[in-house]
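Everything below concerns the one structure shown next.
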Amino acid sequence: MRWMRSILILVFAALLLSGCGQKSAGLQEGAAAPDTQLFENGMEYLEKGQYIKARLSFQTLINTYPDSEYTPASFLAIADSYYSEAGTENLLQAEAQYKDFLIFYPTHEMADDAQLKIAAINYRLMRPYDRDPTNARKAETEFKRFLQNYPDSELSPTATEALREVEESLARHDHTIGSFYYKRNSYTAAEMRFKNVLDKYPNFSMMDDTLFKLGRSLEESGRVTEASVYYARIAAEYPFSEYFDTAKERLILLEKDVPVVDEQAAAIHASNRIEKNFSVWDPFKSVMQIFTGRPDIYEVARKRAEQRELAGEGLPSDSEGNP
């Protein structure tokens with residue numbers, strides 16, 4: 001019977017090995033590919049806010065599997081990790097990464113997101129209009145690039161509004177400096193600033209003030225004919241302005257024709273006005289923005305796009321997402 005027992009042991013061992021082999025093969029078939037695993041790990045770390053670990057996983061994937069289908073997304077995810085981590089240094093690092101992404105993947109389906117985030121970074125870093133305008137100018141450039149390259153993007157409506165706000169800030173910056181020179185009778189310097197506003201920011205909410213001070217600067221410099229051009233614009237296009245009557249008086253005094261009101265132009269300019277409802281907190285708002293930063297315009301744009309999509313499908317949407 002010993003030989004019978006030996007045969008049974010050998011059969012059992014063979015079955016056991018066969019089962020283990022099948023189990024091992026099943027595990028190998030079900031295991032994720034290395035690049036997939038790296039990407040999933042990175043996304044998990046990113047969701048948990050473990051940004052360094054997330055970047056390590058994504059960068060390892062990029063270096064090891066440059067042709068992986070996950071490589072573009074990993075490149076973008078590294079930028080997103082810096083964007084989410086926030087802080088000036090991280091945002092600048094994110095900006096550089098997004099720009100590299102657009103160089104390597106200019107036609108990627110997420111290219112418009114990357115470009116808007118570049119603009120959003122500089123929008124968040126903008127200083128109040130009476131401070132350094134460097135980031136405001138960069139935001140202006142990046143928003144314009146977004147609208148030029150991705151005019152049909154679902155994020156475009158919010159980008160257009162943000163650009164308008166940025167241009168208003170830049171116009172106020174130059175207008176404030178021009179007014180500073182104007183009050184000190186430095187008319188040549190004032191003229192340069194006011195003309196810059198006139199040329200670059202035609203929708204400026206205080207354009208009537210700019211036109212009048214520019215006219216006065218030129219008149220005080222003895223350039224009466226040039227001055228009358230700007231008085232005439234106020235008389236024709238800004239009937240709601242506090243300078244309307246004065247501008248007409250200056251034209252009469254200078255023996256220039258007083259134009260009739262252009263109702264269409266007046267309506268456009270009136271729509272550009274920003275009503276000022278004074279609050280005791282207003283003097284502190286610009287100071288607080290230095291410490292708290294501006295809203296994330298990308299998140300606002302994405303939220304609005306989702307709301308429009310829900311509204312288009314006839315589904316209820318909330319009212320959040322206002323900048």
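Going through the structure tokens in order, the chains are called A, B, and so on, while each chain numbers its residues from 1 and the ligands are numbered from 1 in the order shown.
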Give me the residues within 8 Å of region 109-119 of chain A as JSON, numbers by chain, counting only C-alpha atoms and dropping any in the same chain fewer than 4 places off. {"A": [76, 95, 98, 99, 101, 102, 105, 123, 138, 139, 140, 141, 142, 143, 145, 146, 150, 153, 159, 298]}
Preceding selection exported with N, CA and C atoms as a PDB file, in the first residue's frame:
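So the final result, stored in out.pdb, reads:
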```pdb
ATOM      1  N   LEU A  76       0.552  67.292 -16.969  1.00  0.00           N
ATOM      2  CA  LEU A  76      -0.423  68.277 -16.514  1.00  0.00           C
ATOM      3  C   LEU A  76      -0.697  68.142 -15.021  1.00  0.00           C
ATOM      4  N   GLU A  95       2.941  77.695 -13.266  1.00  0.00           N
ATOM      5  CA  GLU A  95       2.897  78.447 -14.526  1.00  0.00           C
ATOM      6  C   GLU A  95       3.936  77.937 -15.517  1.00  0.00           C
ATOM      7  N   TYR A  98       2.817  74.514 -16.829  1.00  0.00           N
ATOM      8  CA  TYR A  98       1.724  74.615 -17.805  1.00  0.00           C
ATOM      9  C   TYR A  98       2.250  75.082 -19.154  1.00  0.00           C
ATOM     10  N   LYS A  99       3.181  76.024 -19.125  1.00  0.00           N
ATOM     11  CA  LYS A  99       3.745  76.519 -20.378  1.00  0.00           C
ATOM     12  C   LYS A  99       4.518  75.414 -21.100  1.00  0.00           C
ATOM     13  N   PHE A 101       3.868  72.252 -20.813  1.00  0.00           N
ATOM     14  CA  PHE A 101       2.831  71.340 -21.298  1.00  0.00           C
ATOM     15  C   PHE A 101       2.299  71.798 -22.652  1.00  0.00           C
ATOM     16  N   LEU A 102       2.062  73.110 -22.787  1.00  0.00           N
ATOM     17  CA  LEU A 102       1.531  73.642 -24.035  1.00  0.00           C
ATOM     18  C   LEU A 102       2.547  73.553 -25.168  1.00  0.00           C
ATOM     19  N   TYR A 105       2.441  69.623 -25.873  1.00  0.00           N
ATOM     20  CA  TYR A 105       1.130  69.091 -26.259  1.00  0.00           C
ATOM     21  C   TYR A 105       0.178  70.234 -26.632  1.00  0.00           C
ATOM     22  N   TYR A 123      -3.695  86.414 -12.546  1.00  0.00           N
ATOM     23  CA  TYR A 123      -4.855  87.129 -12.020  1.00  0.00           C
ATOM     24  C   TYR A 123      -4.848  87.078 -10.492  1.00  0.00           C
ATOM     25  N   LYS A 138       0.831  90.735 -17.177  1.00  0.00           N
ATOM     26  CA  LYS A 138       0.979  89.343 -17.610  1.00  0.00           C
ATOM     27  C   LYS A 138      -0.380  88.663 -17.726  1.00  0.00           C
ATOM     28  N   ALA A 139      -1.274  88.955 -16.780  1.00  0.00           N
ATOM     29  CA  ALA A 139      -2.623  88.384 -16.842  1.00  0.00           C
ATOM     30  C   ALA A 139      -3.332  88.854 -18.108  1.00  0.00           C
ATOM     31  N   GLU A 140      -3.187  90.119 -18.435  1.00  0.00           N
ATOM     32  CA  GLU A 140      -3.799  90.654 -19.658  1.00  0.00           C
ATOM     33  C   GLU A 140      -3.306  89.894 -20.885  1.00  0.00           C
ATOM     34  N   THR A 141      -1.990  89.695 -20.965  1.00  0.00           N
ATOM     35  CA  THR A 141      -1.406  88.982 -22.099  1.00  0.00           C
ATOM     36  C   THR A 141      -1.925  87.552 -22.188  1.00  0.00           C
ATOM     37  N   GLU A 142      -1.994  86.862 -21.047  1.00  0.00           N
ATOM     38  CA  GLU A 142      -2.390  85.452 -21.046  1.00  0.00           C
ATOM     39  C   GLU A 142      -3.881  85.267 -21.309  1.00  0.00           C
ATOM     40  N   PHE A 143      -4.710  86.172 -20.809  1.00  0.00           N
ATOM     41  CA  PHE A 143      -6.140  86.088 -21.110  1.00  0.00           C
ATOM     42  C   PHE A 143      -6.380  86.334 -22.599  1.00  0.00           C
ATOM     43  N   ARG A 145      -4.258  85.735 -24.989  1.00  0.00           N
ATOM     44  CA  ARG A 145      -3.771  84.545 -25.694  1.00  0.00           C
ATOM     45  C   ARG A 145      -4.815  83.420 -25.623  1.00  0.00           C
ATOM     46  N   PHE A 146      -5.419  83.261 -24.460  1.00  0.00           N
ATOM     47  CA  PHE A 146      -6.457  82.237 -24.311  1.00  0.00           C
ATOM     48  C   PHE A 146      -7.609  82.493 -25.274  1.00  0.00           C
ATOM     49  N   TYR A 150      -8.336  79.884 -28.109  1.00  0.00           N
ATOM     50  CA  TYR A 150      -9.453  78.992 -27.779  1.00  0.00           C
ATOM     51  C   TYR A 150     -10.773  79.773 -27.707  1.00  0.00           C
ATOM     52  N   SER A 153     -13.849  77.787 -26.544  1.00  0.00           N
ATOM     53  CA  SER A 153     -13.783  77.044 -25.286  1.00  0.00           C
ATOM     54  C   SER A 153     -14.974  77.383 -24.400  1.00  0.00           C
ATOM     55  N   ALA A 159     -13.371  84.087 -19.029  1.00  0.00           N
ATOM     56  CA  ALA A 159     -12.081  84.684 -19.386  1.00  0.00           C
ATOM     57  C   ALA A 159     -12.285  86.093 -19.925  1.00  0.00           C
ATOM     58  N   TYR A 298     -10.090  80.303 -12.651  1.00  0.00           N
ATOM     59  CA  TYR A 298     -10.267  79.043 -13.379  1.00  0.00           C
ATOM     60  C   TYR A 298     -11.415  78.234 -12.780  1.00  0.00           C
TER      61      TYR A 298
END
```
Picked from region 178-298 of chain A by DSSP as helix (DSSP H, G or I), as number ranges by chain: A: 178-183, 187-200, 207-220, 224-237, 244-253, 263-271, 282-292, 297-298
So that I have them on file, write out the residues from the current selection with C-alpha atoms, as an mmCIF file, in the first residue's frame.
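And here is the file that came out, result00.cif:
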```cif
data_model
loop_
_atom_site.group_PDB
_atom_site.id
_atom_site.type_symbol
_atom_site.label_atom_id
_atom_site.label_comp_id
_atom_site.auth_asym_id
_atom_site.auth_seq_id
_atom_site.Cartn_x
_atom_site.Cartn_y
_atom_site.Cartn_z
ATOM 1 C CA GLY A 178 -1.530 110.747 -15.030
ATOM 2 C CA SER A 179 -3.748 112.496 -12.482
ATOM 3 C CA PHE A 180 -0.783 112.761 -10.125
ATOM 4 C CA TYR A 181 1.217 114.620 -12.788
ATOM 5 C CA TYR A 182 -1.823 116.664 -13.811
ATOM 6 C CA LYS A 183 -2.320 118.018 -10.275
ATOM 7 C CA TYR A 187 1.315 118.286 -18.339
ATOM 8 C CA THR A 188 3.673 116.487 -20.686
ATOM 9 C CA ALA A 189 3.989 113.513 -18.316
ATOM 10 C CA ALA A 190 0.237 113.571 -17.693
ATOM 11 C CA GLU A 191 -0.462 113.602 -21.428
ATOM 12 C CA MET A 192 1.622 110.470 -21.974
ATOM 13 C CA ARG A 193 -0.277 108.500 -19.320
ATOM 14 C CA PHE A 194 -3.719 109.699 -20.408
ATOM 15 C CA LYS A 195 -3.039 108.895 -24.063
ATOM 16 C CA ASN A 196 -1.874 105.429 -23.058
ATOM 17 C CA VAL A 197 -5.239 104.855 -21.370
ATOM 18 C CA LEU A 198 -7.049 106.229 -24.416
ATOM 19 C CA ASP A 199 -5.158 104.022 -26.867
ATOM 20 C CA LYS A 200 -5.119 100.747 -24.911
ATOM 21 C CA MET A 207 -12.697 107.623 -19.749
ATOM 22 C CA ASP A 208 -14.572 110.938 -19.518
ATOM 23 C CA ASP A 209 -12.259 111.985 -16.690
ATOM 24 C CA THR A 210 -9.263 110.904 -18.760
ATOM 25 C CA LEU A 211 -10.456 112.837 -21.826
ATOM 26 C CA PHE A 212 -11.114 116.022 -19.878
ATOM 27 C CA LYS A 213 -7.767 116.009 -18.076
ATOM 28 C CA LEU A 214 -5.992 115.220 -21.324
ATOM 29 C CA GLY A 215 -7.748 118.153 -22.985
ATOM 30 C CA ARG A 216 -6.829 120.473 -20.126
ATOM 31 C CA SER A 217 -3.208 119.268 -20.190
ATOM 32 C CA LEU A 218 -2.971 120.071 -23.904
ATOM 33 C CA GLU A 219 -4.734 123.409 -23.521
ATOM 34 C CA GLU A 220 -2.400 124.423 -20.708
ATOM 35 C CA VAL A 224 -5.654 124.368 -28.234
ATOM 36 C CA THR A 225 -6.691 122.591 -31.434
ATOM 37 C CA GLU A 226 -5.637 119.214 -30.031
ATOM 38 C CA ALA A 227 -7.386 119.928 -26.745
ATOM 39 C CA SER A 228 -10.658 120.696 -28.515
ATOM 40 C CA VAL A 229 -10.687 117.206 -30.033
ATOM 41 C CA TYR A 230 -11.019 115.642 -26.576
ATOM 42 C CA TYR A 231 -13.551 118.193 -25.346
ATOM 43 C CA ALA A 232 -15.611 117.402 -28.441
ATOM 44 C CA ARG A 233 -15.558 113.693 -27.623
ATOM 45 C CA ILE A 234 -16.965 114.378 -24.164
ATOM 46 C CA ALA A 235 -19.678 116.628 -25.638
ATOM 47 C CA ALA A 236 -20.617 113.995 -28.224
ATOM 48 C CA GLU A 237 -20.265 110.721 -26.302
ATOM 49 C CA PHE A 244 -20.285 117.361 -20.179
ATOM 50 C CA ASP A 245 -21.293 121.000 -19.651
ATOM 51 C CA THR A 246 -17.741 122.146 -18.931
ATOM 52 C CA ALA A 247 -16.445 120.504 -22.106
ATOM 53 C CA LYS A 248 -19.063 122.336 -24.183
ATOM 54 C CA GLU A 249 -18.138 125.602 -22.475
ATOM 55 C CA ARG A 250 -14.470 125.051 -23.304
ATOM 56 C CA LEU A 251 -15.330 124.411 -26.969
ATOM 57 C CA ILE A 252 -17.352 127.627 -27.150
ATOM 58 C CA LEU A 253 -14.569 129.567 -25.445
ATOM 59 C CA GLU A 263 -26.715 108.363 -28.662
ATOM 60 C CA GLN A 264 -25.243 105.023 -29.730
ATOM 61 C CA ALA A 265 -21.733 105.871 -28.492
ATOM 62 C CA ALA A 266 -23.183 107.369 -25.305
ATOM 63 C CA ALA A 267 -25.079 104.149 -24.575
ATOM 64 C CA ILE A 268 -21.915 102.073 -24.986
ATOM 65 C CA HIS A 269 -19.899 104.323 -22.687
ATOM 66 C CA ALA A 270 -22.690 104.405 -20.121
ATOM 67 C CA SER A 271 -22.623 100.593 -19.992
ATOM 68 C CA ASP A 282 -13.636 100.045 0.824
ATOM 69 C CA PRO A 283 -10.297 101.527 1.966
ATOM 70 C CA PHE A 284 -9.319 98.136 3.386
ATOM 71 C CA LYS A 285 -10.259 95.961 0.392
ATOM 72 C CA SER A 286 -7.104 96.576 -1.626
ATOM 73 C CA VAL A 287 -4.974 95.972 1.453
ATOM 74 C CA MET A 288 -6.749 92.689 2.237
ATOM 75 C CA GLN A 289 -6.243 91.452 -1.321
ATOM 76 C CA ILE A 290 -2.509 91.646 -0.793
ATOM 77 C CA PHE A 291 -2.802 88.969 1.908
ATOM 78 C CA THR A 292 -5.797 86.908 0.779
ATOM 79 C CA ILE A 297 -10.872 82.487 -11.875
ATOM 80 C CA TYR A 298 -10.267 79.043 -13.379
#
```
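Nearest residue to Arg55 (chain A), choosing from A:Pro157, A:Tyr70, A:Ala77, A:Tyr83 and counting only C-alpha atoms: A:Ala77.
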Using only C-alpha atoms, can you tell me which of A:Leu163, A:Asn272, A:Glu299, A:Pro133 comes closest to Pro202 (chain A)?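 When distances to Pro202 (chain A) are compared using only C-alpha atoms, the smallest one comes from A:Asn272.
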Shortest interatomic distance to Thr71 (chain A) - which of A:Asn149, A:Asn41, A:Thr176, A:Thr36, counting only C-alpha atoms: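 Smallest separation from Thr71 (chain A) among the options: A:Thr36.
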Option closest in space to Tyr45 (chain A), from A:Ser81, A:Ala33, A:Asp152, A:Thr60 [counting only C-alpha atoms]: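 Smallest separation from Tyr45 (chain A) among the options: A:Ser81.
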